[in-house]
$ cat start30.cif   # mmCIF, N, CA and C atoms
data_data
#
loop_
_atom_site.label_atom_id
_atom_site.label_comp_id
_atom_site.auth_asym_id
_atom_site.auth_seq_id
_atom_site.Cartn_x
_atom_site.Cartn_y
_atom_site.Cartn_z
N MET A 1 -12.19 8.46 5.40
CA MET A 1 -12.13 7.85 4.09
C MET A 1 -13.53 7.46 3.63
N GLY A 2 -14.30 6.93 4.55
CA GLY A 2 -15.66 6.52 4.20
C GLY A 2 -16.48 7.65 3.63
N LYS A 3 -16.35 8.85 4.23
CA LYS A 3 -17.10 10.01 3.74
C LYS A 3 -16.68 10.38 2.33
N LEU A 4 -15.38 10.24 2.03
CA LEU A 4 -14.88 10.60 0.70
C LEU A 4 -15.44 9.71 -0.40
N VAL A 5 -15.71 8.45 -0.06
CA VAL A 5 -16.21 7.51 -1.08
C VAL A 5 -17.67 7.15 -0.90
N GLY A 6 -18.31 7.72 0.13
CA GLY A 6 -19.74 7.52 0.30
C GLY A 6 -20.13 6.20 0.94
N VAL A 7 -19.25 5.66 1.80
CA VAL A 7 -19.60 4.44 2.55
C VAL A 7 -19.33 4.68 4.03
N HIS A 8 -19.93 3.88 4.86
CA HIS A 8 -19.75 4.00 6.30
C HIS A 8 -18.32 3.61 6.66
N GLY A 9 -17.77 4.25 7.68
CA GLY A 9 -16.40 3.97 8.12
C GLY A 9 -16.17 2.52 8.48
N ALA A 10 -17.19 1.87 9.03
CA ALA A 10 -17.05 0.46 9.40
C ALA A 10 -16.82 -0.41 8.17
N VAL A 11 -17.38 0.00 7.05
CA VAL A 11 -17.20 -0.75 5.80
C VAL A 11 -15.74 -0.66 5.36
N ILE A 12 -15.14 0.52 5.51
CA ILE A 12 -13.73 0.70 5.18
C ILE A 12 -12.88 -0.26 6.02
N GLY A 13 -13.22 -0.39 7.30
CA GLY A 13 -12.52 -1.32 8.18
C GLY A 13 -12.63 -2.76 7.69
N ARG A 14 -13.78 -3.12 7.19
CA ARG A 14 -13.97 -4.48 6.66
C ARG A 14 -13.12 -4.70 5.41
N TYR A 15 -12.99 -3.64 4.59
CA TYR A 15 -12.11 -3.74 3.41
C TYR A 15 -10.67 -3.93 3.86
N GLU A 16 -10.25 -3.15 4.86
CA GLU A 16 -8.87 -3.22 5.35
C GLU A 16 -8.54 -4.59 5.94
N ARG A 17 -9.50 -5.19 6.61
CA ARG A 17 -9.30 -6.51 7.21
C ARG A 17 -9.53 -7.64 6.20
N GLU A 18 -9.84 -7.26 4.97
CA GLU A 18 -10.11 -8.21 3.88
C GLU A 18 -11.26 -9.16 4.19
N GLU A 19 -12.25 -8.65 4.95
CA GLU A 19 -13.45 -9.44 5.22
C GLU A 19 -14.38 -9.41 4.03
N VAL A 20 -14.39 -8.29 3.32
CA VAL A 20 -15.19 -8.13 2.10
C VAL A 20 -14.35 -7.36 1.08
N LYS A 21 -14.74 -7.45 -0.16
CA LYS A 21 -14.07 -6.72 -1.22
C LYS A 21 -15.01 -5.62 -1.72
N PRO A 22 -14.46 -4.44 -2.01
CA PRO A 22 -15.31 -3.36 -2.51
C PRO A 22 -15.72 -3.62 -3.96
N SER A 23 -16.84 -3.04 -4.34
CA SER A 23 -17.27 -3.11 -5.74
C SER A 23 -16.26 -2.33 -6.57
N ILE A 24 -16.27 -2.50 -7.86
CA ILE A 24 -15.35 -1.78 -8.73
C ILE A 24 -15.58 -0.27 -8.63
N GLU A 25 -16.82 0.12 -8.44
CA GLU A 25 -17.14 1.54 -8.31
C GLU A 25 -16.52 2.12 -7.04
N VAL A 26 -16.65 1.40 -5.93
CA VAL A 26 -16.09 1.87 -4.66
C VAL A 26 -14.57 1.84 -4.72
N ALA A 27 -14.00 0.80 -5.32
CA ALA A 27 -12.55 0.72 -5.45
C ALA A 27 -12.02 1.89 -6.29
N THR A 28 -12.74 2.24 -7.33
CA THR A 28 -12.34 3.37 -8.16
C THR A 28 -12.39 4.66 -7.35
N GLN A 29 -13.44 4.83 -6.56
CA GLN A 29 -13.55 6.03 -5.72
C GLN A 29 -12.45 6.06 -4.66
N LEU A 30 -12.10 4.90 -4.11
CA LEU A 30 -11.01 4.84 -3.13
C LEU A 30 -9.69 5.26 -3.78
N ALA A 31 -9.42 4.74 -4.97
CA ALA A 31 -8.19 5.08 -5.68
C ALA A 31 -8.14 6.58 -5.97
N GLU A 32 -9.25 7.14 -6.39
CA GLU A 32 -9.30 8.58 -6.67
C GLU A 32 -9.09 9.39 -5.40
N ALA A 33 -9.71 8.98 -4.31
CA ALA A 33 -9.57 9.70 -3.04
C ALA A 33 -8.13 9.65 -2.53
N LEU A 34 -7.46 8.52 -2.75
CA LEU A 34 -6.08 8.36 -2.32
C LEU A 34 -5.07 8.89 -3.33
N GLU A 35 -5.59 9.31 -4.49
CA GLU A 35 -4.77 9.81 -5.60
C GLU A 35 -3.73 8.79 -6.02
N ILE A 36 -4.18 7.54 -6.19
CA ILE A 36 -3.34 6.46 -6.69
C ILE A 36 -4.09 5.76 -7.81
N SER A 37 -3.38 4.93 -8.56
CA SER A 37 -4.05 4.19 -9.63
C SER A 37 -4.82 3.01 -9.04
N LEU A 38 -5.82 2.59 -9.75
CA LEU A 38 -6.59 1.42 -9.33
C LEU A 38 -5.68 0.19 -9.34
N ASP A 39 -4.77 0.10 -10.31
CA ASP A 39 -3.81 -1.00 -10.36
C ASP A 39 -2.98 -1.07 -9.09
N TYR A 40 -2.52 0.08 -8.61
CA TYR A 40 -1.72 0.11 -7.39
C TYR A 40 -2.57 -0.29 -6.18
N LEU A 41 -3.80 0.18 -6.15
CA LEU A 41 -4.69 -0.13 -5.03
C LEU A 41 -4.93 -1.62 -4.89
N ILE A 42 -5.12 -2.30 -6.00
CA ILE A 42 -5.43 -3.73 -5.94
C ILE A 42 -4.19 -4.61 -5.95
N GLY A 43 -3.00 -3.98 -6.03
CA GLY A 43 -1.77 -4.75 -5.98
C GLY A 43 -1.31 -5.31 -7.31
N ALA A 44 -1.90 -4.84 -8.41
CA ALA A 44 -1.50 -5.31 -9.73
C ALA A 44 -0.16 -4.72 -10.16
N THR A 45 0.27 -3.66 -9.50
CA THR A 45 1.57 -3.05 -9.76
C THR A 45 2.14 -2.53 -8.45
N ASP A 46 3.45 -2.48 -8.40
CA ASP A 46 4.08 -1.91 -7.20
C ASP A 46 4.66 -0.53 -7.50
N VAL A 47 4.33 -0.02 -8.68
CA VAL A 47 4.80 1.30 -9.09
C VAL A 47 3.73 2.33 -8.76
N LEU A 48 4.07 3.25 -7.89
CA LEU A 48 3.14 4.32 -7.52
C LEU A 48 3.47 5.54 -8.35
N LEU A 49 2.61 5.85 -9.32
CA LEU A 49 2.83 7.00 -10.18
C LEU A 49 2.26 8.25 -9.53
N GLU A 50 3.07 9.29 -9.50
CA GLU A 50 2.61 10.55 -8.95
C GLU A 50 1.58 11.17 -9.90
N LYS A 51 0.59 11.79 -9.31
CA LYS A 51 -0.51 12.34 -10.10
C LYS A 51 -0.02 13.38 -11.10
N ASN A 52 0.94 14.22 -10.71
CA ASN A 52 1.42 15.25 -11.63
C ASN A 52 2.20 14.64 -12.80
N ILE A 53 2.87 13.50 -12.59
CA ILE A 53 3.57 12.84 -13.68
C ILE A 53 2.58 12.25 -14.67
N VAL A 54 1.55 11.61 -14.15
CA VAL A 54 0.51 11.05 -15.02
C VAL A 54 -0.14 12.16 -15.83
N SER A 55 -0.40 13.29 -15.21
CA SER A 55 -1.02 14.43 -15.90
C SER A 55 -0.13 14.91 -17.04
N LYS A 56 1.17 14.98 -16.80
CA LYS A 56 2.09 15.42 -17.85
C LYS A 56 2.14 14.41 -18.99
N ILE A 57 2.12 13.13 -18.67
CA ILE A 57 2.12 12.10 -19.71
C ILE A 57 0.87 12.22 -20.57
N LEU A 58 -0.26 12.44 -19.94
CA LEU A 58 -1.51 12.60 -20.70
C LEU A 58 -1.44 13.83 -21.59
N ASP A 59 -0.84 14.92 -21.11
CA ASP A 59 -0.68 16.12 -21.93
C ASP A 59 0.23 15.84 -23.12
N ILE A 60 1.30 15.09 -22.90
CA ILE A 60 2.22 14.75 -23.99
C ILE A 60 1.51 13.93 -25.05
N GLN A 61 0.66 13.00 -24.62
CA GLN A 61 -0.07 12.16 -25.58
C GLN A 61 -0.98 12.98 -26.49
N LYS A 62 -1.41 14.13 -26.03
CA LYS A 62 -2.32 14.96 -26.82
C LYS A 62 -1.59 15.81 -27.86
N LEU A 63 -0.26 15.85 -27.77
CA LEU A 63 0.51 16.65 -28.72
C LEU A 63 0.51 16.01 -30.11
N LYS A 64 0.83 16.83 -31.10
CA LYS A 64 1.03 16.30 -32.45
C LYS A 64 2.23 15.37 -32.41
N GLU A 65 2.26 14.41 -33.30
CA GLU A 65 3.31 13.39 -33.32
C GLU A 65 4.70 14.01 -33.35
N ASN A 66 4.91 15.01 -34.17
CA ASN A 66 6.22 15.65 -34.29
C ASN A 66 6.63 16.32 -32.97
N ASP A 67 5.70 17.03 -32.36
CA ASP A 67 5.99 17.68 -31.09
C ASP A 67 6.25 16.65 -29.98
N ARG A 68 5.48 15.59 -30.01
CA ARG A 68 5.65 14.52 -29.03
C ARG A 68 7.05 13.90 -29.16
N GLN A 69 7.50 13.71 -30.40
CA GLN A 69 8.83 13.14 -30.61
C GLN A 69 9.92 14.06 -30.08
N HIS A 70 9.74 15.37 -30.23
CA HIS A 70 10.70 16.33 -29.69
C HIS A 70 10.78 16.22 -28.16
N VAL A 71 9.63 16.08 -27.52
CA VAL A 71 9.60 15.95 -26.06
C VAL A 71 10.33 14.68 -25.64
N PHE A 72 10.09 13.58 -26.35
CA PHE A 72 10.74 12.31 -26.02
C PHE A 72 12.25 12.37 -26.27
N ASP A 73 12.65 13.03 -27.35
CA ASP A 73 14.08 13.18 -27.63
C ASP A 73 14.77 13.96 -26.51
N LEU A 74 14.14 15.05 -26.09
CA LEU A 74 14.69 15.86 -25.01
C LEU A 74 14.76 15.06 -23.71
N LEU A 75 13.70 14.34 -23.42
CA LEU A 75 13.65 13.52 -22.21
C LEU A 75 14.70 12.42 -22.25
N ASP A 76 14.84 11.76 -23.39
CA ASP A 76 15.86 10.71 -23.54
C ASP A 76 17.25 11.27 -23.30
N ALA A 77 17.54 12.43 -23.89
CA ALA A 77 18.86 13.05 -23.72
C ALA A 77 19.12 13.40 -22.26
N PHE A 78 18.13 13.95 -21.60
CA PHE A 78 18.27 14.30 -20.19
C PHE A 78 18.51 13.07 -19.33
N LEU A 79 17.73 12.02 -19.56
CA LEU A 79 17.88 10.80 -18.77
C LEU A 79 19.24 10.15 -19.00
N LYS A 80 19.69 10.14 -20.25
CA LYS A 80 21.00 9.58 -20.57
C LYS A 80 22.10 10.36 -19.85
N GLN A 81 22.02 11.69 -19.87
CA GLN A 81 23.02 12.53 -19.21
C GLN A 81 23.01 12.28 -17.70
N THR A 82 21.83 12.18 -17.13
CA THR A 82 21.70 11.93 -15.69
C THR A 82 22.30 10.59 -15.30
N LYS A 83 22.06 9.56 -16.11
CA LYS A 83 22.62 8.25 -15.82
C LYS A 83 24.14 8.28 -15.92
N LEU A 84 24.67 8.95 -16.92
CA LEU A 84 26.11 9.06 -17.08
C LEU A 84 26.74 9.77 -15.89
N GLN A 85 26.12 10.85 -15.44
CA GLN A 85 26.64 11.59 -14.30
C GLN A 85 26.62 10.75 -13.02
N SER A 86 25.64 9.89 -12.89
CA SER A 86 25.54 9.09 -11.67
C SER A 86 26.61 8.01 -11.60
N ILE A 87 27.17 7.58 -12.74
CA ILE A 87 28.21 6.55 -12.71
C ILE A 87 29.61 7.14 -12.68
N MET A 88 29.75 8.45 -12.83
CA MET A 88 31.06 9.10 -12.80
C MET A 88 31.45 9.45 -11.39
#

$ encode --input "start30.cif" --output "structure tokens"
Amino acid sequence: MGKLVGVHGAVIGRYEREEVKPSIEVATQLAEALEISLDYLIGATDVLLEKNIVSKILDIQKLKENDRQHVFDLLDAFLKQTKLQSIM
């Protein structure tokens, strides 16, 4: 892990034992290396978002408003159907 973020392995151990806290730059590099959000790394959220889901969300945000609404309508319909099937 240390090699991935450019710090000595012993420093990673100190982070793990909470002897020191990483700088924001190192924390960001750690989150990127682990493919998790910085919020998840620091414990600000307990939701671990998969990288491919985040990528799809970012792609959806880039769509035109009308196209984006179609995607959300389709997603809403699918989720509603799935929830209904799970209670039957």

$ residues_around --input "start30.cif" --residues "A:Lys51" --least-positions-apart "2" --cutoff "12 Å" --atoms "only C-alpha atoms" --output "PDB file with N, CA and C atoms, in the frame of the given file"
ATOM      1  N   ALA A  31      -9.420   4.740  -4.970  1.00  0.00           N
ATOM      2  CA  ALA A  31      -8.190   5.080  -5.680  1.00  0.00           C
ATOM      3  C   ALA A  31      -8.140   6.580  -5.970  1.00  0.00           C
ATOM      4  N   GLU A  32      -9.250   7.140  -6.390  1.00  0.00           N
ATOM      5  CA  GLU A  32      -9.300   8.580  -6.670  1.00  0.00           C
ATOM      6  C   GLU A  32      -9.090   9.390  -5.400  1.00  0.00           C
ATOM      7  N   ALA A  33      -9.710   8.980  -4.310  1.00  0.00           N
ATOM      8  CA  ALA A  33      -9.570   9.700  -3.040  1.00  0.00           C
ATOM      9  C   ALA A  33      -8.130   9.650  -2.530  1.00  0.00           C
ATOM     10  N   LEU A  34      -7.460   8.520  -2.750  1.00  0.00           N
ATOM     11  CA  LEU A  34      -6.080   8.360  -2.320  1.00  0.00           C
ATOM     12  C   LEU A  34      -5.070   8.890  -3.330  1.00  0.00           C
ATOM     13  N   GLU A  35      -5.590   9.310  -4.490  1.00  0.00           N
ATOM     14  CA  GLU A  35      -4.770   9.810  -5.600  1.00  0.00           C
ATOM     15  C   GLU A  35      -3.730   8.790  -6.020  1.00  0.00           C
ATOM     16  N   ILE A  36      -4.180   7.540  -6.190  1.00  0.00           N
ATOM     17  CA  ILE A  36      -3.340   6.460  -6.690  1.00  0.00           C
ATOM     18  C   ILE A  36      -4.090   5.760  -7.810  1.00  0.00           C
ATOM     19  N   SER A  37      -3.380   4.930  -8.560  1.00  0.00           N
ATOM     20  CA  SER A  37      -4.050   4.190  -9.630  1.00  0.00           C
ATOM     21  C   SER A  37      -4.820   3.010  -9.040  1.00  0.00           C
ATOM     22  N   LEU A  48       4.070   3.250  -7.890  1.00  0.00           N
ATOM     23  CA  LEU A  48       3.140   4.320  -7.520  1.00  0.00           C
ATOM     24  C   LEU A  48       3.470   5.540  -8.350  1.00  0.00           C
ATOM     25  N   LEU A  49       2.610   5.850  -9.320  1.00  0.00           N
ATOM     26  CA  LEU A  49       2.830   7.000 -10.180  1.00  0.00           C
ATOM     27  C   LEU A  49       2.260   8.250  -9.530  1.00  0.00           C
ATOM     28  N   ILE A  53       2.870  13.500 -12.590  1.00  0.00           N
ATOM     29  CA  ILE A  53       3.570  12.840 -13.680  1.00  0.00           C
ATOM     30  C   ILE A  53       2.580  12.250 -14.670  1.00  0.00           C
ATOM     31  N   VAL A  54       1.550  11.610 -14.150  1.00  0.00           N
ATOM     32  CA  VAL A  54       0.510  11.050 -15.020  1.00  0.00           C
ATOM     33  C   VAL A  54      -0.140  12.160 -15.830  1.00  0.00           C
ATOM     34  N   SER A  55      -0.400  13.290 -15.210  1.00  0.00           N
ATOM     35  CA  SER A  55      -1.020  14.430 -15.900  1.00  0.00           C
ATOM     36  C   SER A  55      -0.130  14.910 -17.040  1.00  0.00           C
ATOM     37  N   LYS A  56       1.170  14.980 -16.800  1.00  0.00           N
ATOM     38  CA  LYS A  56       2.090  15.420 -17.850  1.00  0.00           C
ATOM     39  C   LYS A  56       2.140  14.410 -18.990  1.00  0.00           C
ATOM     40  N   ILE A  57       2.120  13.130 -18.670  1.00  0.00           N
ATOM     41  CA  ILE A  57       2.120  12.100 -19.710  1.00  0.00           C
ATOM     42  C   ILE A  57       0.870  12.220 -20.570  1.00  0.00           C
ATOM     43  N   LEU A  58      -0.260  12.440 -19.940  1.00  0.00           N
ATOM     44  CA  LEU A  58      -1.510  12.600 -20.700  1.00  0.00           C
ATOM     45  C   LEU A  58      -1.440  13.830 -21.590  1.00  0.00           C
TER      46      LEU A  58
END

$ atom_distance --input "start30.cif" --atom1 "atom N of A:Thr82" --atom2 "atom N of A:Glu50"
20.5 Å

$ atom_distance --input "start30.cif" --atom1 "atom CA of A:Asp73" --atom2 "atom CA of A:Gln85"
18.4 Å

$ closest_residue --input "start30.cif" --among "A:Lys21, A:Phe72, A:Gln61, A:Thr28" --to "A:Leu41" --atoms "only C-alpha atoms"
A:Thr28

$ select_by_dssp --input "start30.cif" --residues "chain A" --states "helix (DSSP H, G or I)" --output "PyMOL selection string"
chain A and resi 2-5+9-16+24-34+38-42+51-61+65-87

$ residues_around --input "start30.cif" --residues "stretch 5-14 of chain A" --least-positions-apart "4" --cutoff "6 Å" --atoms "all atoms listed in the file" --output "number ranges by chain"
A: 1, 18-20, 29-30

$ atom_distance --input "start30.cif" --atom1 "atom CA of A:Leu79" --atom2 "atom C of A:Lys62"
22.1 Å
